[in-house]
Amino acid sequence: MKLRIVHATTYEYADPVTTSHHGVHLTPRSGDGQVCLSHDVTVSPPPRSIYERTDYFGNQARSFSLHEPHRSLRIVATSEVLRDDRRQLSLSPRSPSWEDVRDRLARDRRPDALAAYGLTFASRYVRPDGELREYALPSFPPGRPLLEAARDLTRRIHTEFKYDPGATDISTPLSEVLRQRRGVCQDFAHLEIGCLRALGLPGRYVSGYLMTTPPPGKAHVFGADASHAWASTFSPNVGWVDFDPANDVVPSDRHVTVAYGCDFGDVTPVRGVILGGARHSLRVEVDVVEVPEA
């Protein structure tokens, strides 16, 4: 399946911004059943230069600065991605138990295992604690295969938590999300990751997109989609396996991975520091559509 993604971010400032510095994670990754065929970022007003780099996790990042007064900033990323849904992962009971994976990663010194072990610890937005461990344990009885347990945790979060865009913001702690049982995909991804880490298991935050389908009888509306987030865990001899608690699915060809890291802070789509501007408004428009393959 070939997908075209347009991600537009627009800032409007009450007063002129004299200087601004911005970083973006908007380039889809290639690998694990996905190939980024093309990608372009346009910025208005245009900066003198845009710098590209590869971050610690292998994500493609860009940064730029503006040194002339401006009252608005618009960043538009356009990508084409080829997704392959033939990679079917088995959540077989014969896969390793979660305790076995936990113990093996603590002593395994192979590069992939070491990288996974590094994602068993606390990070800025995900701090595992006793509450998260207690919530996770019903899905992780002794001896249960890791992937089967993670799938059950994904299902429970989807069932027991309500999607509510007004309930949280990026500063809302996981303890509050757990208490009020409300949030958005970002919160649910952080929650699943926190539960995994509270048990000594690796949890990785994945930022990307999900192609949605309009309600019956409704036409596709440009820009009506949104950025999406989900979680991932690591099983030896299988690798990283994604789980989407907001939708209770194992991500497939309708999901597009942009970047991954410890949590949202590592992969924020657009971030920046400005001088001036006073109050500002933000509008984000995302469009994900299937396009014919040549």
# chains A, B, ... in the order shown; residues from 1 in each chain; ligands from 1
>>> residues_around(residues="Pro173 in chain A", least_positions_apart="6", cutoff="12 Å", atoms="only C-alpha atoms", output="ChimeraX atom specification")
/A:124-129,132,167,179-180,182-183,186-188,190-191,194
>>> write_last_selection(atoms="C-alpha atoms", output="PDB file, in the first residue's frame")
ATOM      1  CA  ARG A 124      11.152  12.281  31.223  1.00  0.00           C
ATOM      2  CA  TYR A 125       7.490  11.433  30.612  1.00  0.00           C
ATOM      3  CA  VAL A 126       7.487   7.779  31.685  1.00  0.00           C
ATOM      4  CA  ARG A 127       8.434   7.032  35.272  1.00  0.00           C
ATOM      5  CA  PRO A 128       7.541   3.445  36.219  1.00  0.00           C
ATOM      6  CA  ASP A 129       6.236   2.957  39.749  1.00  0.00           C
ATOM      7  CA  LEU A 132       1.826   1.037  37.053  1.00  0.00           C
ATOM      8  CA  ALA A 167      -8.627  15.482  29.718  1.00  0.00           C
ATOM      9  CA  ARG A 179      -6.618   7.716  38.115  1.00  0.00           C
ATOM     10  CA  GLN A 180      -9.087   9.383  35.763  1.00  0.00           C
ATOM     11  CA  ARG A 182      -8.951   9.288  30.267  1.00  0.00           C
ATOM     12  CA  GLY A 183      -6.488  10.628  27.736  1.00  0.00           C
ATOM     13  CA  GLN A 186       0.046   9.783  23.518  1.00  0.00           C
ATOM     14  CA  ASP A 187      -1.120   9.086  27.090  1.00  0.00           C
ATOM     15  CA  PHE A 188      -2.095   5.505  26.283  1.00  0.00           C
ATOM     16  CA  HIS A 190       3.088   6.293  27.673  1.00  0.00           C
ATOM     17  CA  LEU A 191       0.864   4.224  29.962  1.00  0.00           C
ATOM     18  CA  GLY A 194       5.259   2.638  31.848  1.00  0.00           C
TER      19      GLY A 194
END
>>> residues_around(residues="His39 in chain A", least_positions_apart="3", cutoff="9 Å", atoms="only C-alpha atoms", output="JSON, numbers by chain")
{"A": [26, 27, 28, 36, 77, 78, 79, 80, 81]}
>>> write_last_selection(atoms="N, CA and C atoms", output="PDB file, in the first residue's frame")
ATOM      1  N   LEU A  26       9.764  14.764  11.314  1.00  0.00           N
ATOM      2  CA  LEU A  26       8.643  14.608  10.380  1.00  0.00           C
ATOM      3  C   LEU A  26       8.947  13.654   9.241  1.00  0.00           C
ATOM      4  N   THR A  27      10.145  13.086   9.214  1.00  0.00           N
ATOM      5  CA  THR A  27      10.543  12.205   8.120  1.00  0.00           C
ATOM      6  C   THR A  27      10.234  10.753   8.458  1.00  0.00           C
ATOM      7  N   PRO A  28       9.351  10.091   7.724  1.00  0.00           N
ATOM      8  CA  PRO A  28       9.068   8.674   7.994  1.00  0.00           C
ATOM      9  C   PRO A  28      10.327   7.814   7.874  1.00  0.00           C
ATOM     10  N   CYS A  36      10.310   4.797   2.925  1.00  0.00           N
ATOM     11  CA  CYS A  36      10.001   6.204   2.634  1.00  0.00           C
ATOM     12  C   CYS A  36      10.493   6.504   1.223  1.00  0.00           C
ATOM     13  N   ALA A  77       5.216  19.266   5.782  1.00  0.00           N
ATOM     14  CA  ALA A  77       5.991  18.082   5.409  1.00  0.00           C
ATOM     15  C   ALA A  77       5.134  17.193   4.518  1.00  0.00           C
ATOM     16  N   THR A  78       5.669  16.816   3.373  1.00  0.00           N
ATOM     17  CA  THR A  78       4.958  15.951   2.428  1.00  0.00           C
ATOM     18  C   THR A  78       5.788  14.705   2.183  1.00  0.00           C
ATOM     19  N   SER A  79       5.165  13.547   2.383  1.00  0.00           N
ATOM     20  CA  SER A  79       5.895  12.284   2.274  1.00  0.00           C
ATOM     21  C   SER A  79       5.077  11.267   1.487  1.00  0.00           C
ATOM     22  N   GLU A  80       5.784  10.363   0.835  1.00  0.00           N
ATOM     23  CA  GLU A  80       5.159   9.182   0.244  1.00  0.00           C
ATOM     24  C   GLU A  80       5.858   7.952   0.809  1.00  0.00           C
ATOM     25  N   VAL A  81       5.043   7.012   1.283  1.00  0.00           N
ATOM     26  CA  VAL A  81       5.557   5.837   1.973  1.00  0.00           C
ATOM     27  C   VAL A  81       4.929   4.589   1.392  1.00  0.00           C
TER      28      VAL A  81
END
>>> residues_around(residues="Leu3 in chain A", least_positions_apart="5", cutoff="12 Å", atoms="only C-alpha atoms", output="PyMOL selection string")
chain A and resi 28+34-39+78-84+209-212+253-257+287-293
>>> write_last_selection(atoms="C-alpha atoms", output="PDB file, in the first residue's frame")
ATOM      1  CA  PRO A  28       9.068   8.674   7.994  1.00  0.00           C
ATOM      2  CA  GLN A  34       8.018   0.408   5.368  1.00  0.00           C
ATOM      3  CA  VAL A  35       9.968   2.411   2.775  1.00  0.00           C
ATOM      4  CA  CYS A  36      10.001   6.204   2.634  1.00  0.00           C
ATOM      5  CA  LEU A  37       9.883   6.907  -1.092  1.00  0.00           C
ATOM      6  CA  SER A  38      10.048  10.700  -0.887  1.00  0.00           C
ATOM      7  CA  HIS A  39       9.989  13.459   1.697  1.00  0.00           C
ATOM      8  CA  THR A  78       4.958  15.951   2.428  1.00  0.00           C
ATOM      9  CA  SER A  79       5.895  12.284   2.274  1.00  0.00           C
ATOM     10  CA  GLU A  80       5.159   9.182   0.244  1.00  0.00           C
ATOM     11  CA  VAL A  81       5.557   5.837   1.973  1.00  0.00           C
ATOM     12  CA  LEU A  82       5.241   2.275   0.755  1.00  0.00           C
ATOM     13  CA  ARG A  83       3.810  -0.063   3.404  1.00  0.00           C
ATOM     14  CA  ASP A  84       3.991  -3.856   3.196  1.00  0.00           C
ATOM     15  CA  TYR A 209       0.373   8.392  11.478  1.00  0.00           C
ATOM     16  CA  LEU A 210      -2.706   6.230  11.032  1.00  0.00           C
ATOM     17  CA  MET A 211      -4.782   6.280   7.857  1.00  0.00           C
ATOM     18  CA  THR A 212      -8.399   6.636   8.948  1.00  0.00           C
ATOM     19  CA  ASP A 253      -0.081  -1.272   6.742  1.00  0.00           C
ATOM     20  CA  ARG A 254      -2.366   1.601   7.801  1.00  0.00           C
ATOM     21  CA  HIS A 255       0.220   2.793  10.349  1.00  0.00           C
ATOM     22  CA  VAL A 256       3.231   4.859   9.267  1.00  0.00           C
ATOM     23  CA  THR A 257       6.211   5.103  11.604  1.00  0.00           C
ATOM     24  CA  ASP A 287      -3.833  14.143   5.761  1.00  0.00           C
ATOM     25  CA  VAL A 288      -3.086  10.454   5.092  1.00  0.00           C
ATOM     26  CA  VAL A 289      -4.451   8.940   1.870  1.00  0.00           C
ATOM     27  CA  GLU A 290      -3.755   5.902  -0.256  1.00  0.00           C
ATOM     28  CA  VAL A 291      -2.399   6.672  -3.707  1.00  0.00           C
ATOM     29  CA  PRO A 292      -2.198   4.347  -6.734  1.00  0.00           C
ATOM     30  CA  GLU A 293       1.072   2.515  -7.197  1.00  0.00           C
TER      31      GLU A 293
END
>>> select_by_dssp(residues="range 41-254 of chain A", states="alpha helix (DSSP H)", output="VMD selection string")
chain A and resid 98 to 107 111 to 117 130 to 136 146 to 160 174 to 180 185 to 198
>>> residues_around(residues="Val206 in chain A", least_positions_apart="5", cutoff="12 Å", atoms="only C-alpha atoms", output="PyMOL selection string")
chain A and resi 25+28-29+57+59+185-186+188-190+192-193+227-233+240-245+251+255-269
>>> write_last_selection(atoms="C-alpha atoms", output="PDB file, in the first residue's frame")
ATOM      1  CA  HIS A  25      10.830  14.962  13.481  1.00  0.00           C
ATOM      2  CA  PRO A  28       9.068   8.674   7.994  1.00  0.00           C
ATOM      3  CA  ARG A  29      11.557   5.915   8.713  1.00  0.00           C
ATOM      4  CA  PHE A  57      17.660   6.378  17.722  1.00  0.00           C
ATOM      5  CA  ASN A  59      15.472   9.009  13.302  1.00  0.00           C
ATOM      6  CA  CYS A 185      -3.095   8.172  22.118  1.00  0.00           C
ATOM      7  CA  GLN A 186       0.046   9.783  23.518  1.00  0.00           C
ATOM      8  CA  PHE A 188      -2.095   5.505  26.283  1.00  0.00           C
ATOM      9  CA  ALA A 189       1.284   4.849  24.649  1.00  0.00           C
ATOM     10  CA  HIS A 190       3.088   6.293  27.673  1.00  0.00           C
ATOM     11  CA  GLU A 192       1.646   0.953  28.184  1.00  0.00           C
ATOM     12  CA  ILE A 193       5.351   1.781  28.137  1.00  0.00           C
ATOM     13  CA  SER A 227      -0.416  12.525  14.373  1.00  0.00           C
ATOM     14  CA  HIS A 228      -0.592   9.223  16.172  1.00  0.00           C
ATOM     15  CA  ALA A 229       1.421   7.365  18.799  1.00  0.00           C
ATOM     16  CA  TRP A 230       1.713   3.807  20.019  1.00  0.00           C
ATOM     17  CA  ALA A 231       4.025   1.547  22.029  1.00  0.00           C
ATOM     18  CA  SER A 232       6.515  -1.177  21.229  1.00  0.00           C
ATOM     19  CA  THR A 233       8.271  -3.906  23.177  1.00  0.00           C
ATOM     20  CA  TRP A 240      10.474  -4.944  18.327  1.00  0.00           C
ATOM     21  CA  VAL A 241       6.728  -5.534  18.129  1.00  0.00           C
ATOM     22  CA  ASP A 242       4.279  -2.617  18.036  1.00  0.00           C
ATOM     23  CA  PHE A 243       0.990  -2.357  19.936  1.00  0.00           C
ATOM     24  CA  ASP A 244      -1.589   0.414  19.501  1.00  0.00           C
ATOM     25  CA  PRO A 245      -3.644   0.733  22.722  1.00  0.00           C
ATOM     26  CA  PRO A 251      -0.161  -1.884  13.785  1.00  0.00           C
ATOM     27  CA  HIS A 255       0.220   2.793  10.349  1.00  0.00           C
ATOM     28  CA  VAL A 256       3.231   4.859   9.267  1.00  0.00           C
ATOM     29  CA  THR A 257       6.211   5.103  11.604  1.00  0.00           C
ATOM     30  CA  VAL A 258       8.001   8.448  11.719  1.00  0.00           C
ATOM     31  CA  ALA A 259      10.285   8.163  14.737  1.00  0.00           C
ATOM     32  CA  TYR A 260      10.780   6.327  18.007  1.00  0.00           C
ATOM     33  CA  GLY A 261      12.484   6.966  21.332  1.00  0.00           C
ATOM     34  CA  CYS A 262      12.073   6.782  25.100  1.00  0.00           C
ATOM     35  CA  ASP A 263       8.934   8.920  25.076  1.00  0.00           C
ATOM     36  CA  PHE A 264       7.235  11.858  23.361  1.00  0.00           C
ATOM     37  CA  GLY A 265      10.084  14.197  24.321  1.00  0.00           C
ATOM     38  CA  ASP A 266      12.490  12.385  21.993  1.00  0.00           C
ATOM     39  CA  VAL A 267      10.273  12.542  18.913  1.00  0.00           C
ATOM     40  CA  THR A 268       8.177  15.715  19.193  1.00  0.00           C
ATOM     41  CA  PRO A 269       6.990  16.465  15.623  1.00  0.00           C
TER      42      PRO A 269
END
>>> closest_atom_pairs(of="range 165-222 of chain A", to="range 98-113 of chain A", cutoff="10 Å", atoms="only C-alpha atoms", output="tab-separated table")
residue	atom	partner	partner_atom	distance
A:Leu196	CA	A:Trp98	CA	9.8
A:Arg197	CA	A:Arg102	CA	9.8
A:Leu199	CA	A:Arg102	CA	7.9
A:Gly200	CA	A:Arg102	CA	5.8
A:Leu201	CA	A:Arg102	CA	5.5
A:Pro202	CA	A:Arg102	CA	8.2
>>> closest_residue(among="A:Ser171, A:Ser235, A:Thr9, A:Thr120", to="Ala149 in chain A", atoms="only C-alpha atoms")
A:Ser235
>>> select_by_dssp(residues="range 82-244 of chain A", states="strand (DSSP E)", output="PyMOL selection string")
chain A and resi 82-83+162-163+182-183+204-210+227-235+239-243
